[in-house]
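The file my_file.cif contains mmCIF, C-alpha atoms:
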```cif
data_model
#
loop_
_atom_site.label_atom_id
_atom_site.label_comp_id
_atom_site.auth_asym_id
_atom_site.auth_seq_id
_atom_site.Cartn_x
_atom_site.Cartn_y
_atom_site.Cartn_z
CA MET A 1 27.95 -40.06 19.85
CA GLU A 2 28.87 -39.40 16.22
CA TYR A 3 26.04 -39.14 13.68
CA SER A 4 26.36 -39.36 9.92
CA PHE A 5 25.39 -36.12 8.20
CA GLY A 6 21.95 -36.26 6.61
CA THR A 7 20.65 -39.32 8.44
CA ASP A 8 17.42 -39.24 10.43
CA GLU A 9 19.41 -39.66 13.64
CA TYR A 10 21.63 -36.71 12.74
CA ILE A 11 18.65 -34.46 11.98
CA LYS A 12 16.93 -35.45 15.23
CA HIS A 13 20.15 -34.81 17.18
CA VAL A 14 20.67 -31.37 15.61
CA LEU A 15 17.03 -30.39 16.16
CA GLU A 16 17.19 -31.33 19.83
CA LYS A 17 20.53 -29.67 20.36
CA TYR A 18 20.08 -26.33 18.56
CA SER A 19 16.39 -25.58 18.00
CA LYS A 20 15.79 -23.65 21.25
CA MET A 21 18.93 -21.59 20.79
CA LEU A 22 18.06 -20.72 17.19
CA VAL A 23 14.46 -19.80 18.04
CA LYS A 24 15.74 -17.45 20.77
CA LEU A 25 18.24 -15.90 18.39
CA ALA A 26 15.61 -15.44 15.68
CA PHE A 27 13.22 -13.96 18.26
CA THR A 28 15.78 -11.30 19.16
CA TYR A 29 15.70 -10.18 15.53
CA VAL A 30 12.05 -10.52 14.49
CA LYS A 31 10.42 -9.99 17.92
CA ASN A 32 7.67 -12.47 17.10
CA MET A 33 7.69 -16.09 18.26
CA ALA A 34 5.72 -17.48 15.29
CA ASP A 35 8.09 -15.85 12.79
CA ALA A 36 11.10 -16.98 14.84
CA GLU A 37 9.86 -20.57 14.75
CA ASP A 38 9.23 -20.36 10.98
CA ILE A 39 12.72 -18.97 10.40
CA THR A 40 14.24 -21.72 12.52
CA GLN A 41 12.35 -24.32 10.52
CA ASP A 42 13.70 -22.77 7.30
CA VAL A 43 17.22 -22.92 8.72
CA PHE A 44 16.87 -26.65 9.36
CA VAL A 45 15.51 -27.14 5.83
CA SER A 46 18.63 -25.32 4.58
CA LEU A 47 20.74 -27.69 6.68
CA ILE A 48 19.07 -30.72 5.13
CA LYS A 49 19.56 -29.29 1.63
CA LYS A 50 23.21 -28.44 2.36
CA GLY A 51 24.33 -31.94 1.44
CA THR A 52 27.75 -31.88 3.12
CA GLY A 53 28.85 -32.17 6.71
CA PHE A 54 30.90 -29.90 8.94
CA ASP A 55 34.49 -29.99 10.18
CA ASN A 56 33.41 -30.05 13.84
CA GLU A 57 30.56 -29.11 16.20
CA GLU A 58 31.67 -25.48 16.52
CA HIS A 59 31.61 -25.11 12.73
CA GLU A 60 28.14 -26.66 12.66
CA LYS A 61 26.85 -24.33 15.39
CA ALA A 62 28.42 -21.24 13.81
CA TRP A 63 26.91 -22.17 10.42
CA LEU A 64 23.44 -22.56 11.97
CA ILE A 65 23.74 -19.20 13.75
CA ARG A 66 24.96 -17.41 10.62
CA VAL A 67 22.16 -18.90 8.49
CA THR A 68 19.59 -17.96 11.15
CA ILE A 69 20.82 -14.36 11.18
CA ASN A 70 20.71 -14.22 7.38
CA HIS A 71 17.18 -15.63 7.30
CA CYS A 72 16.11 -13.07 9.93
CA LYS A 73 17.57 -10.20 7.92
CA ASN A 74 15.87 -11.45 4.75
CA HIS A 75 12.59 -11.75 6.64
CA LEU A 76 12.86 -8.19 7.97
CA LYS A 77 13.58 -6.86 4.45
CA SER A 78 10.72 -8.76 2.80
CA SER A 79 7.73 -6.86 1.47
CA TRP A 80 5.40 -9.23 3.31
CA ASN A 81 6.93 -8.20 6.61
CA LYS A 82 6.31 -4.54 5.80
CA LEU A 83 2.62 -5.15 5.10
CA LYS A 84 1.68 -7.07 8.22
CA VAL A 85 0.51 -5.54 11.49
CA PRO A 86 2.74 -6.56 14.42
CA LEU A 87 1.22 -8.18 17.48
CA GLU A 88 2.78 -7.70 20.88
CA GLU A 89 4.42 -10.90 22.05
CA ASP A 90 3.16 -12.21 25.40
CA ILE A 91 6.20 -12.90 27.56
CA SER A 92 4.30 -13.08 30.85
CA TYR A 93 5.59 -16.62 31.45
CA ILE A 94 9.11 -15.22 31.98
CA PRO A 95 9.96 -14.04 35.53
CA LYS A 96 9.34 -10.29 35.90
CA GLU A 97 13.02 -9.36 36.31
CA ASP A 98 14.04 -11.38 33.24
CA SER A 99 11.16 -10.11 31.12
CA GLU A 100 12.06 -6.48 31.86
CA VAL A 101 15.63 -7.06 30.71
CA LEU A 102 14.41 -9.01 27.67
CA VAL A 103 12.13 -6.16 26.63
CA LEU A 104 15.04 -3.72 26.93
CA VAL A 105 17.32 -6.02 24.93
CA LEU A 106 14.65 -6.43 22.22
CA ASN A 107 14.37 -2.65 21.92
CA LEU A 108 18.07 -2.26 21.15
CA PRO A 109 19.21 -1.77 17.55
CA ALA A 110 19.76 -5.13 15.78
CA LYS A 111 23.57 -4.99 15.79
CA TYR A 112 23.66 -4.53 19.58
CA ARG A 113 20.87 -7.05 20.16
CA SER A 114 22.65 -9.82 18.26
CA VAL A 115 26.05 -9.39 19.94
CA ILE A 116 24.47 -9.18 23.40
CA HIS A 117 22.47 -12.33 22.72
CA LEU A 118 25.48 -14.26 21.41
CA TYR A 119 27.76 -13.04 24.21
CA TYR A 120 25.47 -13.40 27.23
CA TYR A 121 22.97 -16.07 26.22
CA GLU A 122 25.13 -18.30 24.01
CA ASP A 123 28.47 -17.74 25.79
CA TYR A 124 30.48 -16.86 22.70
CA SER A 125 33.66 -14.82 23.00
CA ILE A 126 34.10 -11.55 21.11
CA ASN A 127 36.43 -13.26 18.62
CA GLU A 128 33.92 -16.06 18.01
CA ILE A 129 31.09 -13.55 17.50
CA ALA A 130 33.28 -11.59 15.09
CA SER A 131 33.88 -14.76 13.11
CA ILE A 132 30.18 -15.65 13.03
CA LEU A 133 29.08 -12.15 12.02
CA HIS A 134 32.01 -11.64 9.63
CA LYS A 135 33.02 -8.48 11.48
CA ASN A 136 36.21 -7.20 13.03
CA PRO A 137 36.61 -8.18 16.73
CA ALA A 138 37.09 -4.49 17.60
CA THR A 139 33.73 -3.72 15.97
CA VAL A 140 32.02 -6.47 17.94
CA GLY A 141 33.64 -5.21 21.16
CA THR A 142 32.42 -1.69 20.42
CA TRP A 143 28.88 -2.90 19.71
CA LEU A 144 28.90 -4.94 22.91
CA ALA A 145 30.09 -1.96 24.97
CA ARG A 146 27.55 0.38 23.39
CA GLY A 147 24.76 -2.15 23.86
CA ARG A 148 25.73 -2.59 27.52
CA ASN A 149 25.76 1.18 28.01
CA LEU A 150 22.31 1.52 26.45
CA LEU A 151 20.98 -1.26 28.68
CA LYS A 152 22.69 0.18 31.74
CA SER A 153 21.20 3.63 31.17
CA GLN A 154 17.74 2.12 30.73
CA LEU A 155 18.04 -0.22 33.72
CA ILE A 156 19.35 2.48 36.05
CA GLY A 157 16.58 4.77 34.87
CA GLY A 158 18.55 7.93 35.45
CA PHE A 159 19.46 7.11 39.07
CA GLU A 160 23.06 7.48 40.10
CA TYR A 161 25.00 4.95 42.16
CA GLU A 162 25.42 5.83 45.81
#
```
Rewrite the structure from the file as structure tokens, please.
Amino acid sequence: MEYSFGTDEYIKHVLEKYSKMLVKLAFTYVKNMADAEDITQDVFVSLIKKGTGFDNEEHEKAWLIRVTINHCKNHLKSSWNKLKVPLEEDISYIPKEDSEVLVLVLNLPAKYRSVIHLYYYEDYSINEIASILHKNPATVGTWLARGRNLLKSQLIGGFEYE
């Protein structure tokens, strides 16, 4: 169903469709669910203020992802963020196997974390991620390979394959 940009129906549709994805993406950056939800809310406010529509759904989704990443980076650079004391996020509701991998992914450097999230959790191709992040596809491929290697070394825990 086609919604007119800026209408209540459009906003409701976009919230339902993208909010979970954007909260997860923001969480991979800020590592705090409350901050991730606040950032996602700010992204939707930016969408409402935007005033013009998108060419297609992929453009809309890519714009939301890019704005979320920018808001996360701004949040991490803010002086307020440097003054607060971080609380450990309770992820006990996630199955043990998934939570172990999530903890490892969250401990990766931001550039690896974001490409792994977009590739594995959001099913974007390397070229699409490169377009979203405004990077060269070769750079994204390198970050993805390095992130995988870091995860692999941590998951294997020093054991060798038989």
Give me, as a short mmCIF file (atom, residue, chain, number, x, y, z; two decimals) with C-alpha atoms, in the coordinates of the input, all polymer residues having an atom no more than 9 Å from region 106-109 of chain A, counting only C-alpha atoms and skipping those fewer than 3 positions away in the same chain.
```
data_model
loop_
_atom_site.label_atom_id
_atom_site.label_comp_id
_atom_site.auth_asym_id
_atom_site.auth_seq_id
_atom_site.Cartn_x
_atom_site.Cartn_y
_atom_site.Cartn_z
CA PHE A 27 13.22 -13.96 18.26
CA THR A 28 15.78 -11.30 19.16
CA TYR A 29 15.70 -10.18 15.53
CA LYS A 31 10.42 -9.99 17.92
CA VAL A 101 15.63 -7.06 30.71
CA LEU A 102 14.41 -9.01 27.67
CA VAL A 103 12.13 -6.16 26.63
CA TYR A 112 23.66 -4.53 19.58
CA ARG A 113 20.87 -7.05 20.16
CA SER A 114 22.65 -9.82 18.26
CA GLY A 147 24.76 -2.15 23.86
CA LEU A 150 22.31 1.52 26.45
CA LEU A 151 20.98 -1.26 28.68
#
```
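Considering the residues A:Val140, A:Val115, A:Leu104, A:Ser131 and counting all atoms listed in the file, Ser153 (chain A) has its shortest atom-to-atom contact with A:Leu104.
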**OP:** Using CA of Phe54 (chain A) and CA of Lys17 (chain A) as the two end points, give the distance in Å to one decimal.
**Re:** 15.4 Å
**OP:** Using all atoms listed in the file, determine which residues lie at most 12 Å from region 69-71 of chain A, disregarding the query and same-chain residues fewer than 3 positions distant; provide the list as a PyMOL selection string.
**Re:** chain A and resi 22-30+35-46+62-66+74-78+110-111+113-115+117-118+132-134
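Separating CA of Lys20 (chain A) from CA of Trp143 (chain A) is a distance of 24.6 Å.
The space separating CA of Ser125 (chain A) from CA of Glu58 (chain A) comes to 12.6 Å.
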**OP:** Run the PyMOL selection byres ((chain A and resi 2) around 12) on the file and write out the hits as a ChimeraX atom specification.
**Re:** /A:1,3-5,7,9-10,13-14,53,56-57
Find the axis-aligned box for region 112-123 of chain A, covering all its listed atoms and adding 6 Å on each side, and write its centre and edge lengths in Å to one decimal as AutoDock Vina command-line options.
```
--center_x 24.7 --center_y -11.4 --center_z 22.7 --size_x 19.6 --size_y 25.8 --size_z 21.0
```
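Using all atoms listed in the file, the nearest neighbour of Gln154 (chain A) within the list A:Glu100, A:Ile129, A:Gly141, A:Tyr121 is A:Glu100.
Nearest to Leu144 (chain A) of all the residues A:Ile116, A:Val105, A:Ala130, A:Val67 is A:Ile116, based on all atoms listed in the file.
Across A:Thr139, A:Lys61, A:Met33, A:Leu155, the tightest approach to Tyr124 (chain A) is made by A:Lys61 when counting only C-alpha atoms.
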